Amino acid sequence: MKLIKSSVEYIPQGEKKIPFKHIELCARTCYKSENKITVDSAHKFVEGLIMAGHWAMLEHGTLYLYLEVNPDNAFKKFKYVSAQFTAPYNWNDVVGAIAAKYRANPYSEVNTIYNENGREVYITTNYRVILDNDWVEDIQFTCGSPTEYHKKRYTLKFICDRGVSHELVRHRVFSFAQESQRYCNYSKDKFGNEVTFINNPDGQQFTETYWLMDAYEHAEKVYLKLLKEGYSPQQARRVLPNATKTEIVMTGFEDDWKHFFDLRLRGTTGKPHPDMLVVAQLAWNEFKDKLGLEL
């Protein structure tokens, strides 16, 4: 048995075009197979996700698009192949149609800036939206990096207990990737042949309740015995308590994170659970320290 404290880590996306590496890192959290990541494994891994239908993982890959209409290009012909356009059209019309379709998509954000010469369109979306809607043609409009006018998306990885993770996944506007007790076999070497539990999130020991440690040890003992007798991890997991450690990756827009902190840190709709409050504070610290944001 192992006891650890909760923690939260900001995971930068890094890539400028299709974020295959970021998607791979997030997705491998589910089976805890990060050790299989190599310098060139991402593209093949993401292709495997697509072929297997695990498209939810693609949501973690954010794409930032940029389009501009000005007097020099507004009426130039542009062949944009999509459901709307199959022949050359005025660039002004193409940009309008592209902005409209993302504005109608609930998982994307569009910000249009008008100026005396025309307009600039800043679109934030994710790789699943692109594939779901067969908008692959739009990848050509991705930016080198997001601008101040793009709606930003951020990814955090939480290491917490299962009870806290049940509260995290209630924020359904986020994209999630969570360590799977169905497939992770904690009797294996890569898990240290033991079950890991979250101690009090504030790091304080249960010195006055030694019997709680007994409960954890007993749960681990029964779990490992079930596996030894031939039960699968998804069958044996039923004996594991809410205190069992899990890892969960969350990706969402800046406004989604603001709402998260309103509920889980500030308690605008009621007092947060004490364990959730500690984890939310850790997440808040990551935004302040790594991103310089005061959400």
# chains A, B, ... in the order shown; residues from 1 in each chain; ligands from 1
$ select_by_dssp --residues "stretch 7-50 of chain A" --states "alpha helix (DSSP H)" --output "JSON, numbers by chain"
{"A": [20, 21, 22, 23, 24, 25, 26, 27, 42, 43, 44, 45, 46, 47, 48, 49, 50]}
$ select_by_dssp --residues "stretch 51-190 of chain A" --states "strand (DSSP E)" --output "CSV table (one decimal) with N, CA and C atoms, in the first residue's frame"
chain,number,residue,atom,x,y,z
A,62,THR,N,-6.3,21.1,-29.1
A,62,THR,CA,-6.9,22.4,-29.5
A,62,THR,C,-6.2,23.0,-30.7
A,63,LEU,N,-7.1,23.5,-31.6
A,63,LEU,CA,-6.6,24.1,-32.8
A,63,LEU,C,-7.1,25.6,-32.8
A,64,TYR,N,-6.1,26.5,-33.2
A,64,TYR,CA,-6.4,27.9,-33.2
A,64,TYR,C,-6.3,28.3,-34.7
A,65,LEU,N,-7.4,28.8,-35.3
A,65,LEU,CA,-7.5,29.2,-36.7
A,65,LEU,C,-7.5,30.7,-36.8
A,66,TYR,N,-7.0,31.2,-37.9
A,66,TYR,CA,-7.0,32.7,-38.1
A,66,TYR,C,-7.3,32.9,-39.6
A,67,LEU,N,-8.3,33.8,-39.9
A,67,LEU,CA,-8.6,34.2,-41.2
A,67,LEU,C,-8.8,35.7,-41.3
A,68,GLU,N,-8.4,36.3,-42.4
A,68,GLU,CA,-8.4,37.8,-42.5
A,68,GLU,C,-9.1,38.1,-43.9
A,69,VAL,N,-9.9,39.1,-43.8
A,69,VAL,CA,-10.5,39.7,-45.0
A,69,VAL,C,-10.1,41.2,-45.1
A,77,LYS,N,-10.8,34.9,-55.9
A,77,LYS,CA,-11.4,33.6,-56.0
A,77,LYS,C,-10.5,32.6,-55.2
A,78,PHE,N,-11.2,31.7,-54.4
A,78,PHE,CA,-10.6,30.8,-53.5
A,78,PHE,C,-11.3,29.5,-53.6
A,79,LYS,N,-10.6,28.4,-53.9
A,79,LYS,CA,-11.3,27.1,-54.0
A,79,LYS,C,-11.2,26.5,-52.7
A,88,PRO,N,-14.5,27.6,-57.0
A,88,PRO,CA,-14.0,28.9,-56.5
A,88,PRO,C,-15.1,29.9,-56.1
A,89,TYR,N,-14.8,30.6,-55.0
A,89,TYR,CA,-15.8,31.6,-54.4
A,89,TYR,C,-15.0,32.8,-54.0
A,90,ASN,N,-15.6,33.9,-53.8
A,90,ASN,CA,-15.0,35.0,-53.2
A,90,ASN,C,-14.5,34.7,-51.8
A,109,GLU,N,-15.3,28.3,-30.4
A,109,GLU,CA,-15.5,29.7,-30.1
A,109,GLU,C,-15.0,30.6,-31.2
A,110,VAL,N,-15.7,31.6,-31.6
A,110,VAL,CA,-15.3,32.5,-32.7
A,110,VAL,C,-15.3,33.9,-32.2
A,111,ASN,N,-14.3,34.6,-32.5
A,111,ASN,CA,-14.1,36.0,-32.1
A,111,ASN,C,-13.8,36.8,-33.4
A,112,THR,N,-14.7,37.7,-33.8
A,112,THR,CA,-14.5,38.5,-35.0
A,112,THR,C,-14.2,39.9,-34.7
A,113,ILE,N,-13.0,40.4,-35.2
A,113,ILE,CA,-12.6,41.8,-35.0
A,113,ILE,C,-12.8,42.6,-36.3
A,114,TYR,N,-13.6,43.6,-36.2
A,114,TYR,CA,-13.8,44.5,-37.4
A,114,TYR,C,-12.8,45.7,-37.3
A,115,ASN,N,-12.3,46.1,-38.5
A,115,ASN,CA,-11.5,47.3,-38.6
A,115,ASN,C,-11.8,48.0,-39.9
A,118,GLY,N,-11.5,45.7,-43.1
A,118,GLY,CA,-12.2,44.5,-43.2
A,118,GLY,C,-12.4,43.8,-41.9
A,119,ARG,N,-12.0,42.6,-41.8
A,119,ARG,CA,-12.2,41.9,-40.5
A,119,ARG,C,-11.2,40.7,-40.3
A,120,GLU,N,-11.0,40.4,-39.1
A,120,GLU,CA,-10.1,39.3,-38.7
A,120,GLU,C,-11.0,38.3,-37.9
A,121,VAL,N,-10.9,37.0,-38.2
A,121,VAL,CA,-11.7,36.0,-37.5
A,121,VAL,C,-10.7,35.0,-36.8
A,122,TYR,N,-11.0,34.9,-35.5
A,122,TYR,CA,-10.1,34.1,-34.6
A,122,TYR,C,-11.0,32.9,-34.1
A,123,ILE,N,-10.7,31.7,-34.5
A,123,ILE,CA,-11.5,30.5,-34.1
A,123,ILE,C,-10.7,29.6,-33.3
A,124,THR,N,-11.3,29.1,-32.2
A,124,THR,CA,-10.7,28.1,-31.3
A,124,THR,C,-11.6,26.9,-31.4
A,125,THR,N,-11.0,25.7,-31.7
A,125,THR,CA,-11.8,24.5,-31.8
A,125,THR,C,-10.9,23.3,-31.4
A,126,ASN,N,-11.4,22.1,-31.6
A,126,ASN,CA,-10.5,21.0,-31.3
A,126,ASN,C,-10.5,19.9,-32.4
A,153,ARG,N,-7.9,27.5,-24.5
A,153,ARG,CA,-8.2,26.3,-23.8
A,153,ARG,C,-7.0,25.9,-23.1
A,154,TYR,N,-7.2,25.3,-21.9
A,154,TYR,CA,-6.1,24.9,-21.0
A,154,TYR,C,-6.3,23.4,-20.5
A,155,THR,N,-5.2,22.7,-20.3
A,155,THR,CA,-5.3,21.3,-19.8
A,155,THR,C,-4.6,21.2,-18.5
A,156,LEU,N,-5.3,20.6,-17.5
A,156,LEU,CA,-4.7,20.3,-16.2
A,156,LEU,C,-4.8,18.8,-16.0
A,157,LYS,N,-3.8,18.3,-15.3
A,157,LYS,CA,-3.9,16.9,-14.8
A,157,LYS,C,-4.0,16.8,-13.3
A,158,PHE,N,-5.0,16.2,-12.8
A,158,PHE,CA,-5.3,16.1,-11.4
A,158,PHE,C,-4.9,14.7,-10.9
A,159,ILE,N,-4.2,14.6,-9.9
A,159,ILE,CA,-3.9,13.4,-9.1
A,159,ILE,C,-4.7,13.5,-7.8
A,160,CYS,N,-5.8,12.7,-7.7
A,160,CYS,CA,-6.7,12.9,-6.6
A,160,CYS,C,-7.3,11.5,-6.3
A,161,ASP,N,-8.3,11.5,-5.3
A,161,ASP,CA,-8.9,10.3,-5.1
A,161,ASP,C,-10.2,10.2,-5.9
A,175,SER,N,-13.4,18.4,-21.5
A,175,SER,CA,-13.0,17.1,-22.1
A,175,SER,C,-12.2,16.4,-21.0
A,176,PHE,N,-12.4,15.0,-20.9
A,176,PHE,CA,-11.7,14.3,-19.8
A,176,PHE,C,-11.0,13.1,-20.4
A,177,ALA,N,-9.9,12.7,-19.7
A,177,ALA,CA,-9.2,11.4,-19.9
A,177,ALA,C,-8.8,10.9,-18.5
A,178,GLN,N,-9.4,9.8,-18.0
A,178,GLN,CA,-9.1,9.4,-16.7
A,178,GLN,C,-8.5,8.0,-16.6
$ residues_around --residues "A:Glu179" --least-positions-apart "4" --cutoff "7 Å" --atoms "only C-alpha atoms" --output "short mmCIF file (atom, residue, chain, number, x, y, z; two decimals) with C-alpha atoms, in the first residue's frame"
data_model
loop_
_atom_site.label_atom_id
_atom_site.label_comp_id
_atom_site.auth_asym_id
_atom_site.auth_seq_id
_atom_site.Cartn_x
_atom_site.Cartn_y
_atom_site.Cartn_z
CA THR A 29 -3.40 8.64 -18.91
CA CYS A 30 -6.33 6.23 -19.22
CA TYR A 31 -4.21 3.07 -19.33
CA LYS A 32 -1.15 4.64 -17.68
CA THR A 246 -6.70 8.27 -9.82
CA GLU A 247 -5.31 10.57 -12.50
CA ILE A 248 -7.68 12.66 -14.58
#
$ atom_distance --atom1 "atom CA of A:Gln234" --atom2 "atom CA of A:Leu168"
21.6 Å
$ residues_around --residues "A:Pro241" --least-positions-apart "3" --cutoff "10 Å" --atoms "only C-alpha atoms" --output "list in words"
Asp161, Arg162, Gly163, Phe197, Ala215, Tyr216, Ala219, Glu220, Arg237, Arg238, Thr244 and Lys245 of chain A
$ closest_residue --among "A:Phe45, A:Tyr183, A:Phe20, A:Tyr127" --to "A:Ser108" --atoms "only C-alpha atoms"
A:Tyr127
$ residues_around --residues "stretch 278-290 of chain A" --least-positions-apart "5" --cutoff "8 Å" --atoms "only C-alpha atoms" --output "ChimeraX atom specification"
/A:6-10,156,158,160,201-202,261,264-265,295
$ closest_residue --among "A:Ile198, A:Leu226, A:Ala42, A:Leu263" --to "A:Arg170" --atoms "only C-alpha atoms"
A:Leu263
$ atom_distance --atom1 "atom CA of A:Val195" --atom2 "atom CA of A:Met1"
5.4 Å
